[in-house]
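Everything on this sheet refers to the single structure shown next.
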Amino acid sequence: VPEQPTLGNTDYAFEMAISNIRYGEGVTKEIGMDLQNLGARRVCLMTDKNLSQLPPVNAVLNSLAKHGINFQMYDNVRVEPTDQSFLDAITFAKNGEFDAYVAVGGGSVIDSCKAANLYASSPTSDFLDYVNAPIGKGKPVTVPLKPLIAVPTTAGTGSETTGVAIFDFKELKVKTGIASRAIKPTLGIIDPLHTLSMPERIVANSGFDVLCHALESYTALPYNMRSPCPSNPINRPAYQGSNPISDVWALHALRIVAKYLKRAIRNPEDREARANMHLASAFAGIGFGNAGVHLCHGMSYPISGLVKTYKPKDYNVDHSLVPHGLSVVLTSPAVFAFTAQIYPERHLEAAEILGADIRTARIKDAGFILADTLRKFLFDLNVDDGLAAIGYSKADIPALVKGTLPQERVTKLSPRPQTEEDLSALFEASMKLY
C-alpha cells in the first residue's frame with residue numbers, strides 16, 4: 001500500500017464485509033433446504049411483476065414447494081424503486097411477521113427486500129432514520145435483522161454482496177439510499193442459468209454498472225485519506241475508500257468485463273460469457289461494497305431521478321426510466337478524464353485492461369486515454385450518444401448539479417475534490433460522447 005501523508009483525523013483502518021456467496025449452475029434448487037436449515041417458518045419471497053412469470057422465480061417456487069416452506073410472495077417491487085415503493089414493501093413485511101426473506105431479481109428487488117427486512121426488524125423507526133445523511137439521519141443499525149437470501153437475476157448491481165439499498169426520493173427528485181453492513185444479505189445464490197433470460201439491453205446496462213463499480217472503487221480516495229476517522233467502529237461507513245483487498249476484486253472484475261461483456265451482450269447463447277459476467281458482478285460488488293464508488297454514481301442519481309420521457313429498449317415498464325447502469329456509464333469518459341490527475345497510474349492500468357495500447361503513453365495523458373477507451377467501448381455497443389440522447393439539454397445542468405450535491409456519501413470518495421463548477425463542466429462534457 002503506498003504510504004499516504006496522514007491528514008489530521010483521517011481513518012487508519014478498513015473493514016471487509018461480504019455476504020456468503022454460493023455459485024453454480026442450478027444451485028437455486030438448494031434454497032428450500034437453506035430455509036429449512038435456518039428453521040424458517042414464515043418466509044417472504046420478493047420479486048417484480050416481470051420476473052414472477054420467468055424461470056428464476058419458478059426455480060425458487062419449486063424448491064420452496066419441494067421442501068414444504070411456508071411463504072408469501074410480494075411481486076410488486078418497482079424497477080428503480082422509490083421511497084413509496086420501499087414503503088409498500090416495508091408495510092407488507094411488517095404485516096407478514098416473517099422470520100426469513102428471499103429476494104429474486106436485480107438490484108431493485110434485492111435492495112427493496114433489504115429495506116423491508118430492516119424496517120420490519122425495527123418497527124418503531126421512522127423511514128428517514130436509516131437513510132443516508134444529509135437527506136436522512138444516517139443512524140447506525142443496531143437491531144438484529146432476519147436472514148435474507150438474495151438470488152440475483154442480472155449481472156450488474158452486485159447487491160447480493162453489499163450492505164447498500166438505493167431508491168428514488170421523489171419529493172427531492174434525487175436518488176439516495178441506506179448504507180450499513182447490517183443489511184447485507186446472509187447468502188447470495190449466484191446461479192448463472194438465471195442470466196440466460198436477460199434481454200440484450202439489460203445485459204448491456206447491467207454490465208456497465210459492473211464496469212463502473214470496478215473503475216470507481218479502484219480509483220476512489222484511499223481509505224487512510226478519508227475523514228473523519230470514526231469515534232466508534234459502528235460509525236465506520238460501508239464505503240470506506242480504496243483499499244488493498246477491494247483493489248484485488250475490482251481489477252479482477254475489470255478483466256472479466258474486458259473479456260466477456262461484449263460477448264454476453266451480442267450472443268444470448270454464450271453461456272460462458274454470461275456466467276462470467278454474473279461472477280464479475282459479485283466480484284465488483286465485493287470491491288465497491290467496501291471501497292465505495294464516486295462521481296459516476298453520484299452524478300447518475302439525478303440523471304435517473306430527473307428522467308422525462310426516456311423509455312429504454314428491452315425494459316417492460318410503464319414509467320419513464322433511465323436504467324441505472326446507463327445513467328452511470330454516460331458520464332464515465334468525462335469523470336475519469338477529470339479524476340486522473342490523482343493516481344494517473346491507476347487510470348492508465350484500467351485503460352490497458354480495457355484494451356488500450358499504453359506502451360508509448362505518457363502518465364499525464366492517463367485520463368484522456370481511459371476516456372477514449374471507454375468511448376470506443378460504448379460506441380461498439382450502440383450506447384446512446386450522451387445525456388442529450390436520453391432527453392437532457394444544457395438547460396438541465398443546474399438541476400443535475402443540484403441533485404448531485406446531496407450524494408456526499410459517494411462524491412467525497414472521488415480522489416479529486418470537485419466544485420459545483422466542476423460538476424457543471426462534467427455534465428456538459430457528457431451531453432455528447434462521440
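Naming works like this for the C-alpha cells: A, B, ... for the chains as they're shown, residue 1 at the start of each chain, ligands 1 onward in shown order.
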
Which residues in stretch 126-334 of chain A does DSSP call helix (DSSP H, G or I)? List them as a PyMOL selection string. chain A and resi 127-129+170-172+181-183+192-197+200-219+223-225+233-235+244-266+271-291+295-305+324-329+332-334

Selected residues, C-alpha atoms, written as a CSV table (one decimal), in the first residue's frame, please.
```csv
chain,number,residue,atom,x,y,z
A,127,PHE,CA,-38.2,5.9,7.5
A,128,LEU,CA,-35.6,8.7,7.4
A,129,ASP,CA,-33.7,7.3,10.5
A,170,LYS,CA,-39.5,11.5,-5.1
A,171,GLU,CA,-40.0,14.7,-3.2
A,172,LEU,CA,-36.4,15.9,-3.9
A,181,ARG,CA,-23.1,-3.6,6.7
A,182,ALA,CA,-26.0,-4.9,8.9
A,183,ILE,CA,-28.4,-5.0,5.9
A,192,PRO,CA,-25.7,-18.5,-14.0
A,193,LEU,CA,-28.7,-20.1,-15.5
A,194,HIS,CA,-30.7,-17.1,-14.5
A,195,THR,CA,-28.8,-14.7,-16.8
A,196,LEU,CA,-30.0,-16.7,-19.8
A,197,SER,CA,-33.4,-15.0,-19.7
A,200,GLU,CA,-29.7,-7.7,-24.8
A,201,ARG,CA,-30.0,-4.2,-23.4
A,202,ILE,CA,-30.5,-5.4,-19.8
A,203,VAL,CA,-27.2,-7.4,-20.2
A,204,ALA,CA,-25.5,-4.3,-21.5
A,205,ASN,CA,-26.8,-1.8,-18.9
A,206,SER,CA,-26.1,-4.3,-16.1
A,207,GLY,CA,-22.6,-4.8,-17.4
A,208,PHE,CA,-22.0,-1.1,-17.5
A,209,ASP,CA,-22.8,-1.0,-13.8
A,210,VAL,CA,-20.1,-3.7,-13.2
A,211,LEU,CA,-17.6,-1.7,-15.3
A,212,CYS,CA,-18.2,1.5,-13.3
A,213,HIS,CA,-18.2,-0.3,-9.9
A,214,ALA,CA,-14.8,-1.7,-10.7
A,215,LEU,CA,-13.3,1.5,-12.1
A,216,GLU,CA,-14.7,3.8,-9.4
A,217,SER,CA,-13.7,1.6,-6.5
A,218,TYR,CA,-10.2,1.1,-7.9
A,219,THR,CA,-9.7,4.9,-8.4
A,223,TYR,CA,-9.2,4.6,2.9
A,224,ASN,CA,-6.5,6.2,5.0
A,225,MET,CA,-7.1,9.6,3.4
A,233,PRO,CA,-16.2,1.3,14.6
A,234,ILE,CA,-20.0,1.1,14.2
A,235,ASN,CA,-19.8,4.5,12.6
A,244,PRO,CA,-5.8,-3.4,-0.8
A,245,ILE,CA,-8.5,-6.1,-0.6
A,246,SER,CA,-11.1,-4.2,-2.7
A,247,ASP,CA,-8.4,-3.5,-5.3
A,248,VAL,CA,-8.0,-7.2,-5.9
A,249,TRP,CA,-11.7,-7.7,-6.6
A,250,ALA,CA,-12.1,-4.5,-8.7
A,251,LEU,CA,-9.2,-5.4,-11.0
A,252,HIS,CA,-10.3,-8.9,-11.4
A,253,ALA,CA,-13.9,-7.8,-12.3
A,254,LEU,CA,-12.5,-5.3,-14.8
A,255,ARG,CA,-10.5,-8.0,-16.6
A,256,ILE,CA,-13.7,-10.2,-16.8
A,257,VAL,CA,-15.7,-7.2,-18.2
A,258,ALA,CA,-13.0,-6.6,-20.8
A,259,LYS,CA,-13.0,-10.2,-21.9
A,260,TYR,CA,-16.7,-11.2,-21.7
A,261,LEU,CA,-19.1,-8.2,-21.7
A,262,LYS,CA,-19.3,-7.7,-25.5
A,263,ARG,CA,-19.8,-11.4,-26.0
A,264,ALA,CA,-22.5,-11.6,-23.3
A,265,ILE,CA,-24.4,-8.8,-25.0
A,266,ARG,CA,-24.1,-10.0,-28.6
A,271,ARG,CA,-23.2,-19.3,-21.6
A,272,GLU,CA,-19.6,-18.9,-20.8
A,273,ALA,CA,-19.7,-15.1,-21.2
A,274,ARG,CA,-23.0,-14.7,-19.3
A,275,ALA,CA,-21.8,-16.9,-16.4
A,276,ASN,CA,-18.6,-15.0,-16.2
A,277,MET,CA,-20.4,-11.6,-16.1
A,278,HIS,CA,-22.6,-13.0,-13.3
A,279,LEU,CA,-19.5,-13.7,-11.3
A,280,ALA,CA,-17.9,-10.4,-12.3
A,281,SER,CA,-21.0,-8.6,-10.9
A,282,ALA,CA,-20.3,-10.3,-7.5
A,283,PHE,CA,-16.6,-9.6,-7.6
A,284,ALA,CA,-17.1,-5.9,-8.3
A,285,GLY,CA,-19.8,-5.9,-5.6
A,286,ILE,CA,-17.3,-7.2,-3.0
A,287,GLY,CA,-14.9,-4.5,-4.2
A,288,PHE,CA,-17.2,-1.5,-4.3
A,289,GLY,CA,-19.3,-2.7,-1.4
A,290,ASN,CA,-16.3,-1.9,0.8
A,291,ALA,CA,-14.3,0.7,-1.1
A,295,LEU,CA,-18.5,10.5,-9.3
A,296,CYS,CA,-20.1,8.4,-12.0
A,297,HIS,CA,-22.5,7.0,-9.4
A,298,GLY,CA,-23.0,10.4,-7.6
A,299,MET,CA,-23.9,12.1,-10.8
A,300,SER,CA,-26.0,9.1,-12.0
A,301,TYR,CA,-28.6,9.6,-9.3
A,302,PRO,CA,-30.1,12.8,-10.6
A,303,ILE,CA,-29.8,11.5,-14.2
A,304,SER,CA,-32.1,8.7,-13.2
A,305,GLY,CA,-34.2,10.8,-10.8
A,324,HIS,CA,-29.1,2.5,-13.5
A,325,GLY,CA,-26.1,1.2,-15.5
A,326,LEU,CA,-26.8,3.5,-18.4
A,327,SER,CA,-27.1,6.6,-16.1
A,328,VAL,CA,-23.7,5.7,-14.5
A,329,VAL,CA,-21.7,4.9,-17.7
A,332,SER,CA,-17.6,7.9,-17.3
A,333,PRO,CA,-15.4,9.3,-20.0
A,334,ALA,CA,-15.7,12.9,-18.6
```

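Using only C-alpha atoms, the nearest neighbour of A:Lys364 within the list A:Leu348, A:Cys229, A:Ala150, A:Val317 is A:Leu348.
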
Among the residues A:Ala120, A:Ala100, A:Leu221, A:Leu413, the one that comes closest to A:Pro147 [using only C-alpha atoms]: A:Ala100
